[in-house]
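The file target.csv comes next; it holds CSV, C-alpha atoms.
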```
chain,number,residue,atom,x,y,z
A,4,MET,CA,0.0,0.0,0.0
A,5,GLN,CA,1.4,3.4,-1.0
A,6,LEU,CA,1.3,5.6,2.1
A,7,LEU,CA,2.7,8.8,0.6
A,8,ILE,CA,2.4,10.3,-2.9
A,9,SER,CA,5.8,10.4,-4.6
A,10,MET,CA,7.5,13.6,-5.7
A,11,SER,CA,7.0,12.7,-9.3
A,12,SER,CA,3.3,12.1,-8.7
A,13,ILE,CA,2.9,15.4,-6.9
A,14,MET,CA,4.6,17.2,-9.8
A,15,ALA,CA,2.2,15.4,-12.2
A,16,LEU,CA,-0.8,16.4,-10.2
A,17,LEU,CA,0.4,20.0,-10.0
A,18,SER,CA,1.2,20.3,-13.7
A,19,VAL,CA,-2.4,20.5,-14.6
A,20,GLY,CA,-2.8,23.6,-12.6
A,21,VAL,CA,0.3,25.5,-13.7
A,22,ARG,CA,0.3,29.3,-13.2
A,23,THR,CA,-3.3,29.7,-12.2
A,24,ALA,CA,-2.8,31.1,-8.7
A,25,SER,CA,-6.4,32.4,-8.4
A,26,SER,CA,-8.3,29.3,-9.4
A,27,PHE,CA,-8.6,27.6,-6.0
A,28,ALA,CA,-10.0,30.7,-4.3
A,29,PRO,CA,-12.7,33.1,-5.5
A,30,PRO,CA,-11.2,35.9,-7.6
A,31,THR,CA,-10.8,39.3,-5.8
A,32,VAL,CA,-9.6,41.4,-8.8
A,33,ALA,CA,-10.9,45.0,-8.5
A,34,LYS,CA,-13.0,46.1,-11.4
A,35,LEU,CA,-10.4,48.8,-12.3
A,36,GLY,CA,-7.8,46.1,-12.6
A,37,VAL,CA,-9.5,44.6,-15.7
A,38,ARG,CA,-10.0,47.9,-17.6
A,39,ALA,CA,-8.5,47.8,-21.1
A,40,THR,CA,-5.4,49.9,-21.3
A,41,THR,CA,-3.0,50.9,-24.1
A,42,ALA,CA,0.1,52.5,-22.6
A,43,ARG,CA,1.2,49.7,-20.4
A,44,PHE,CA,1.3,46.9,-23.0
A,45,MET,CA,1.5,48.6,-26.3
A,46,SER,CA,4.8,50.5,-25.8
A,47,ASP,CA,7.7,49.9,-28.2
A,48,SER,CA,10.2,48.8,-25.5
A,49,ALA,CA,10.2,45.9,-23.1
A,50,SER,CA,9.7,46.6,-19.4
A,51,PRO,CA,13.0,46.6,-17.4
A,52,SER,CA,13.8,43.5,-15.3
A,53,PRO,CA,13.1,43.9,-11.6
A,54,PRO,CA,16.1,44.1,-9.3
A,55,MET,CA,17.6,41.0,-7.7
A,56,PRO,CA,16.7,40.6,-4.0
A,57,TYR,CA,20.3,40.1,-2.9
A,58,ASP,CA,23.8,41.1,-4.0
A,59,ASP,CA,25.8,38.8,-6.3
A,60,GLU,CA,27.6,37.1,-3.4
A,61,LYS,CA,24.3,35.8,-1.9
A,62,MET,CA,22.2,35.3,-5.1
A,63,PRO,CA,23.6,31.8,-5.8
A,64,PHE,CA,21.9,30.6,-2.6
A,65,TYR,CA,18.7,32.3,-3.7
A,66,ALA,CA,19.1,30.5,-7.0
A,67,LEU,CA,19.2,27.2,-5.0
A,68,GLY,CA,15.9,28.0,-3.4
A,69,THR,CA,14.5,28.9,-6.7
A,70,ASN,CA,15.6,25.6,-8.2
A,71,LEU,CA,14.1,23.6,-5.4
A,72,ALA,CA,10.7,25.4,-5.8
A,73,MET,CA,10.8,24.9,-9.6
A,74,GLN,CA,11.4,21.1,-9.1
A,75,VAL,CA,8.0,20.8,-7.3
A,76,GLY,CA,6.3,22.9,-9.9
A,77,GLY,CA,6.6,26.5,-8.6
A,78,ALA,CA,4.6,28.6,-6.3
A,79,GLY,CA,1.8,29.1,-8.9
A,80,ASN,CA,1.0,25.4,-8.9
A,81,PHE,CA,0.8,25.1,-5.1
A,82,LYS,CA,-1.4,28.2,-5.0
A,83,THR,CA,-3.8,26.5,-7.3
A,84,LEU,CA,-4.2,23.6,-4.9
A,85,LEU,CA,-3.7,25.1,-1.5
A,86,GLU,CA,-5.3,27.9,0.5
A,87,GLN,CA,-2.8,30.5,1.9
A,88,ASP,CA,-2.9,29.1,5.4
A,89,GLU,CA,-2.2,25.6,4.0
A,90,MET,CA,0.7,27.0,2.0
A,91,ASP,CA,2.2,28.6,5.2
A,92,ILE,CA,2.1,25.2,6.9
A,93,VAL,CA,3.9,23.6,3.9
A,94,LEU,CA,6.6,26.2,4.0
A,95,GLU,CA,7.0,25.9,7.7
A,96,ALA,CA,7.5,22.1,7.4
A,97,PHE,CA,10.0,22.5,4.6
A,98,CYS,CA,12.1,25.1,6.5
A,99,ASP,CA,11.9,23.1,9.8
A,100,ASN,CA,13.1,19.9,8.1
A,101,LEU,CA,15.7,21.6,6.0
A,102,LYS,CA,17.2,23.4,9.0
A,103,GLY,CA,16.9,20.3,11.3
A,104,THR,CA,14.6,22.0,13.7
A,105,ALA,CA,11.5,19.9,13.2
A,106,THR,CA,10.0,18.7,16.5
A,107,ALA,CA,7.9,15.9,15.0
A,108,ASP,CA,9.5,12.7,13.7
A,109,SER,CA,9.6,13.0,9.9
A,110,ARG,CA,9.0,9.4,9.1
A,111,GLN,CA,6.1,9.2,11.5
A,112,VAL,CA,4.5,12.3,10.0
A,113,LEU,CA,4.7,10.7,6.5
A,114,MET,CA,3.4,7.3,7.6
A,115,THR,CA,0.5,8.8,9.5
A,116,PHE,CA,-0.6,11.6,7.2
A,117,GLY,CA,0.7,10.5,3.8
A,118,PRO,CA,-2.7,8.9,2.8
A,119,ALA,CA,-4.6,12.0,3.7
A,120,LEU,CA,-2.2,14.0,1.5
A,121,ASN,CA,-2.8,11.7,-1.4
A,122,LYS,CA,-6.5,12.1,-1.0
A,123,ILE,CA,-6.5,15.9,-0.7
A,124,LEU,CA,-4.2,16.4,-3.8
A,125,GLN,CA,-6.1,13.9,-5.9
A,126,GLU,CA,-9.6,15.4,-5.1
A,127,ARG,CA,-8.5,19.0,-5.6
A,128,THR,CA,-6.7,18.2,-8.8
A,129,ALA,CA,-9.8,16.5,-10.3
A,130,ASN,CA,-11.7,19.8,-9.8
A,131,ILE,CA,-9.1,22.2,-11.0
A,132,VAL,CA,-10.3,22.5,-14.6
A,133,ASP,CA,-13.9,23.3,-13.5
A,134,ARG,CA,-12.6,25.9,-11.1
A,135,VAL,CA,-10.3,27.5,-13.8
A,136,LYS,CA,-13.3,27.7,-16.1
A,137,LYS,CA,-15.5,29.2,-13.5
A,138,ASP,CA,-12.9,31.9,-12.7
A,139,GLY,CA,-12.6,32.6,-16.4
A,140,ASP,CA,-16.3,33.1,-16.7
A,141,GLU,CA,-16.3,35.5,-13.8
A,142,PHE,CA,-13.3,37.4,-15.2
A,143,LEU,CA,-15.0,37.7,-18.6
A,144,GLN,CA,-18.2,39.0,-17.1
A,145,ASN,CA,-16.3,41.5,-14.9
A,146,PHE,CA,-14.4,42.7,-17.9
A,147,LEU,CA,-17.7,43.3,-19.7
A,148,ASP,CA,-19.2,45.1,-16.7
A,149,CYS,CA,-16.4,47.6,-16.5
A,150,ASN,CA,-15.7,48.2,-20.2
A,151,ASP,CA,-18.8,49.7,-21.8
A,152,GLU,CA,-17.2,49.5,-25.3
A,153,ALA,CA,-16.7,45.8,-25.0
A,154,VAL,CA,-19.0,43.4,-26.9
A,155,LYS,CA,-19.5,39.7,-26.5
A,156,THR,CA,-20.0,37.7,-29.7
A,157,ASP,CA,-22.3,34.7,-30.3
A,158,SER,CA,-19.3,32.4,-29.8
A,159,GLY,CA,-18.4,33.8,-26.4
A,160,LEU,CA,-15.5,36.0,-27.4
A,161,VAL,CA,-15.2,39.4,-25.8
A,162,TYR,CA,-13.9,42.1,-28.1
A,163,CYS,CA,-12.9,45.6,-26.8
A,164,PRO,CA,-11.6,48.2,-29.3
A,165,MET,CA,-8.8,50.3,-28.0
A,166,LYS,CA,-8.1,52.2,-31.2
A,167,GLU,CA,-10.0,51.9,-34.5
A,168,GLY,CA,-7.9,51.1,-37.5
A,169,GLU,CA,-8.5,52.4,-41.0
A,170,GLY,CA,-6.7,49.8,-43.2
A,171,LYS,CA,-7.4,46.3,-44.5
A,172,GLN,CA,-9.6,43.9,-42.5
A,173,PRO,CA,-8.2,40.4,-42.4
A,174,THR,CA,-9.8,37.0,-43.1
A,175,THR,CA,-8.4,33.6,-42.4
A,176,ASP,CA,-6.9,33.7,-46.0
A,177,ASN,CA,-4.5,36.4,-44.9
A,178,THR,CA,-1.2,36.7,-43.1
A,179,VAL,CA,-1.1,39.3,-40.3
A,180,GLU,CA,1.7,41.2,-38.6
A,181,VAL,CA,0.9,42.0,-35.0
A,182,HIS,CA,2.1,43.0,-31.5
A,183,TYR,CA,0.4,41.1,-28.7
A,184,HIS,CA,0.5,40.7,-24.9
A,185,GLY,CA,-1.1,37.6,-23.5
A,186,GLN,CA,-2.2,37.1,-19.9
A,187,LEU,CA,-4.0,34.6,-17.7
A,188,THR,CA,-6.9,35.9,-15.6
A,189,ASP,CA,-4.6,36.3,-12.6
A,190,GLY,CA,-2.4,38.7,-14.6
A,191,THR,CA,0.4,36.2,-15.3
A,192,VAL,CA,2.0,37.0,-18.7
A,193,PHE,CA,2.5,33.8,-20.6
A,194,ASP,CA,3.6,35.3,-23.9
A,195,SER,CA,4.3,38.7,-25.3
A,196,SER,CA,5.8,40.0,-28.5
A,197,VAL,CA,5.8,43.4,-26.9
A,198,ASP,CA,8.1,42.2,-24.1
A,199,ARG,CA,10.4,40.6,-26.8
A,200,GLY,CA,10.4,43.9,-28.7
A,201,GLN,CA,9.6,42.4,-32.0
A,202,THR,CA,6.4,42.0,-34.0
A,203,ILE,CA,5.3,38.6,-35.4
A,204,SER,CA,3.7,37.6,-38.6
A,205,PHE,CA,1.6,34.4,-39.2
A,206,PRO,CA,-1.2,33.0,-41.3
A,207,LEU,CA,-4.5,33.8,-39.5
A,208,SER,CA,-5.8,30.4,-40.3
A,209,GLY,CA,-3.1,28.8,-38.2
A,210,VAL,CA,-4.0,30.2,-34.8
A,211,ILE,CA,-6.7,29.6,-32.1
A,212,LYS,CA,-10.4,30.3,-33.0
A,213,GLY,CA,-10.5,33.3,-30.6
A,214,TRP,CA,-7.7,35.0,-32.6
A,215,GLN,CA,-9.3,34.2,-35.9
A,216,GLU,CA,-12.6,35.8,-34.9
A,217,GLY,CA,-11.1,38.7,-33.0
A,218,LEU,CA,-8.5,39.8,-35.6
A,219,ALA,CA,-11.2,39.6,-38.3
A,220,MET,CA,-13.0,42.3,-36.4
A,221,MET,CA,-10.0,44.6,-36.6
A,222,LYS,CA,-8.4,46.8,-39.3
A,223,GLU,CA,-4.8,47.7,-40.0
A,224,GLY,CA,-3.7,50.3,-37.5
A,225,GLY,CA,-6.2,49.1,-34.9
A,226,LYS,CA,-5.7,48.0,-31.3
A,227,ALA,CA,-8.0,45.8,-29.3
A,228,THR,CA,-8.4,43.6,-26.2
A,229,LEU,CA,-9.6,40.0,-26.7
A,230,VAL,CA,-10.9,38.0,-23.8
A,231,ILE,CA,-11.0,34.4,-25.1
A,232,PRO,CA,-12.9,31.6,-23.3
A,233,SER,CA,-11.2,28.2,-23.2
A,234,ASP,CA,-13.3,26.6,-25.9
A,235,LEU,CA,-12.0,29.3,-28.3
A,236,ALA,CA,-8.4,28.9,-27.0
A,237,TYR,CA,-6.7,25.7,-25.9
A,238,GLY,CA,-9.7,23.9,-24.3
A,239,ASP,CA,-9.3,21.3,-21.5
A,240,ALA,CA,-5.8,20.3,-22.8
A,241,GLY,CA,-4.1,23.6,-22.2
A,242,SER,CA,-0.8,24.3,-23.9
A,243,GLY,CA,2.5,23.2,-22.4
A,244,GLU,CA,3.5,24.5,-19.0
A,245,THR,CA,2.3,28.1,-19.6
A,246,ILE,CA,-1.4,27.8,-20.3
A,247,PRO,CA,-3.4,25.6,-18.0
A,248,PRO,CA,-6.4,23.4,-18.9
A,249,GLY,CA,-9.6,25.3,-19.2
A,250,ALA,CA,-7.9,28.7,-19.1
A,251,THR,CA,-9.6,31.9,-20.3
A,252,LEU,CA,-7.0,34.1,-22.0
A,253,LYS,CA,-6.7,37.9,-22.3
A,254,PHE,CA,-4.8,39.4,-25.2
A,255,GLU,CA,-4.0,43.0,-26.1
A,256,VAL,CA,-3.4,43.1,-29.8
A,257,GLU,CA,-2.1,45.7,-32.3
A,258,LEU,CA,-2.6,44.9,-36.0
A,259,PHE,CA,0.1,46.4,-38.2
A,260,LYS,CA,-0.3,44.8,-41.6
A,261,VAL,CA,-2.6,42.4,-43.5
A,262,SER,CA,-1.1,40.6,-46.5
```
Structure encoded using C-alpha cells:
Amino acid sequence: MQLLISMSSIMALLSVGVRTASSFAPPTVAKLGVRATTARFMSDSASPSPPMPYDDEKMPFYALGTNLAMQVGGAGNFKTLLEQDEMDIVLEAFCDNLKGTATADSRQVLMTFGPALNKILQERTANIVDRVKKDGDEFLQNFLDCNDEAVKTDSGLVYCPMKEGEGKQPTTDNTVEVHYHGQLTDGTVFDSSVDRGQTISFPLSGVIKGWQEGLAMMKEGGKATLVIPSDLAYGDAGSGETIPPGATLKFEVELFKVS
C-alpha cells in the first residue's frame, strides 16, 4: 500500500494547474484592474527587469531555493491547490526539516498523514479545470461590466476596441503582422511579442479560434483587447507549461499589416 504520494506524482498532479494562482480561491480582482489599457502593454520597448533581492555574493543561494521550488512545480502550482494558510504550513514544514529544527519525527509524519495528503491532492486536482473555467467566466463578465465599449459575440469571445484602424480587415486567408501581450486571468504574462520587442507575422488560419474571430473584427492600425474563453483557445488540454487546462486568456493586440 502506498502511504505517501511520490514527488513525481505530486509534480504530475500539480502540472495541470500551472500558473493559475487564483483558481482555487474566489477571484478578488478589483474592477479597475481589468480595464483595457493601451500605454502599459503597447509600448515599443520591453519593461525593465526587476532588481535582484540580494547582492551577487548571496544570489547563488537564492538560486538554489528557486531551483528547489521549480522542481516541485513552482509557487503558482501550489497556490492552485492550497489555501494561503495551508501554503504557510507547507513552507513551515519545509524550513523546519531543511534546518533540522522539526519537533515531529519526519517518518512518523509521513506514515501517519501520507494517505490524507494523497486524497487531498487527488480530489483537488480533479476539480481544477472546473474551477479554472468558473474563474474565467467571472473574469470575462467582470471585464464586460467595466468596459462599456466591449462586446460579447455569439461564440463567447469578448472584443474591446482600444483604437480603431483604417486599413485592411483580415480574413483567415490572410497573413497578419501584430504585436500582442497575452495574460491569464490572474495577470500572469504567458507570452508577449511586446516584451520581446519584435512584432510577429503568421497566417491567421493557423491560430486559435478566438484570434481568428477577434482579428477579423480589426483593421490595420487598430488595437483591441480580446478575452477568449477556453473553448476558443486551448480547451481542456491547455498548452505546455504556460497555459493551464480550461484557461480563459486575455490578449491585447495591435494589428500592423494584412497581406
**Report entry** Coordinates-based distance that separates atom CA of A:Thr178 from atom CA of A:Thr202 (Å, one decimal)
**Finding:**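 Interatomic distance here is 13.0 Å.
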Report task. May I ask for the distance between atom CA of A:Glu167 and atom CA of A:Asp140, given in Å to one decimal place? Result ->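 Atom CA of A:Asp140 lies 26.6 Å from atom CA of A:Glu167.
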Report summary line: Pairwise distance, atom CA of A:Gln125 with atom CA of A:Glu141, equals 25.2 Å
Report task. Using all atoms listed in the file, determine which residues lie at most 9 Å from A:Ile203, disregarding the query and same-chain residues fewer than 5 positions distant; provide the list as a list in words. Result ->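 Everything that qualifies: Val179, Glu180, Val181, His182, Tyr183 and Ser196 of chain A.
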For stretch 46-157 of chain A versus stretch 236-251 of chain A, which residues have an atom no more than 9 Å away, and what is each residue's nearest atom pair and distance in Å rounded to one decimal, using only C-alpha atoms, chain-then-number order, as CSV?
```
residue,atom,partner,partner_atom,distance
A:Ile131,CA,A:Pro248,CA,8.4
A:Val132,CA,A:Gly249,CA,5.4
A:Asp133,CA,A:Gly249,CA,7.4
A:Arg134,CA,A:Gly249,CA,8.7
A:Val135,CA,A:Gly249,CA,5.9
A:Lys136,CA,A:Gly249,CA,5.4
A:Asp138,CA,A:Thr251,CA,8.3
A:Gly139,CA,A:Thr251,CA,5.0
A:Asp140,CA,A:Thr251,CA,7.7
A:Phe142,CA,A:Thr251,CA,8.4
A:Leu143,CA,A:Thr251,CA,8.1
```
With the cut-off set at 12 Å and counting all atoms listed in the file, tabulate each residue of stretch 138-212 of chain A with an atom at most that distance from an atom of stretch 60-79 of chain A, showing the nearest atom pair and its distance in Å to one decimal, ordered by chain and increasing number, as JSON lines.
```
{"residue": "A:Leu187", "atom": "CA", "partner": "A:Gly79", "partner_atom": "CA", "distance": 11.9}
{"residue": "A:Asp189", "atom": "CA", "partner": "A:Gly79", "partner_atom": "CA", "distance": 10.3}
{"residue": "A:Gly190", "atom": "CA", "partner": "A:Gly79", "partner_atom": "CA", "distance": 11.9}
{"residue": "A:Thr191", "atom": "CA", "partner": "A:Gly79", "partner_atom": "CA", "distance": 9.7}
```
Report task. Find the residues around A:Lys260 up to 10 Å (all atoms listed in the file counted), leave out those fewer than 6 positions away in its own chain, and share them as a PyMOL selection string. Result -> chain A and resi 170-173+177-181+204+222-225
Show me a table, sorted first by chain and then by increasing residue number, of the residues of stretch 125-159 of chain A having an atom at most 10 Å from stretch 163-166 of chain A, each with its shortest atom pair and the distance in Å to one decimal, counting all atoms listed in the file and written as JSON lines.
```
{"residue": "A:Phe146", "atom": "CA", "partner": "A:Cys163", "partner_atom": "CA", "distance": 9.5}
{"residue": "A:Leu147", "atom": "CA", "partner": "A:Cys163", "partner_atom": "CA", "distance": 8.9}
{"residue": "A:Asn150", "atom": "CA", "partner": "A:Cys163", "partner_atom": "CA", "distance": 7.6}
{"residue": "A:Asp151", "atom": "CA", "partner": "A:Cys163", "partner_atom": "CA", "distance": 8.8}
{"residue": "A:Glu152", "atom": "CA", "partner": "A:Cys163", "partner_atom": "CA", "distance": 6.0}
{"residue": "A:Ala153", "atom": "CA", "partner": "A:Cys163", "partner_atom": "CA", "distance": 4.2}
{"residue": "A:Val154", "atom": "CA", "partner": "A:Cys163", "partner_atom": "CA", "distance": 6.5}
{"residue": "A:Lys155", "atom": "CA", "partner": "A:Cys163", "partner_atom": "CA", "distance": 8.9}
```
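When only C-alpha atoms are used to compute distances to A:Met221, the closest of the residues A:Arg199, A:Gly168, A:Lys253, A:His184 turns out to be A:Gly168.
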Requested in this report: Mind checking which residues fall within 12 Å of A:Asp108, counting only C-alpha atoms, ignoring those fewer than 6 positions away in the same chain, and posting them as a VMD selection string?
Outcome: chain A and resid 96 99 to 100 114 to 115
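Across A:Thr175, A:Leu94, A:Met55, A:Val230, the tightest approach to A:Gly209 is made by A:Thr175 when counting only C-alpha atoms.
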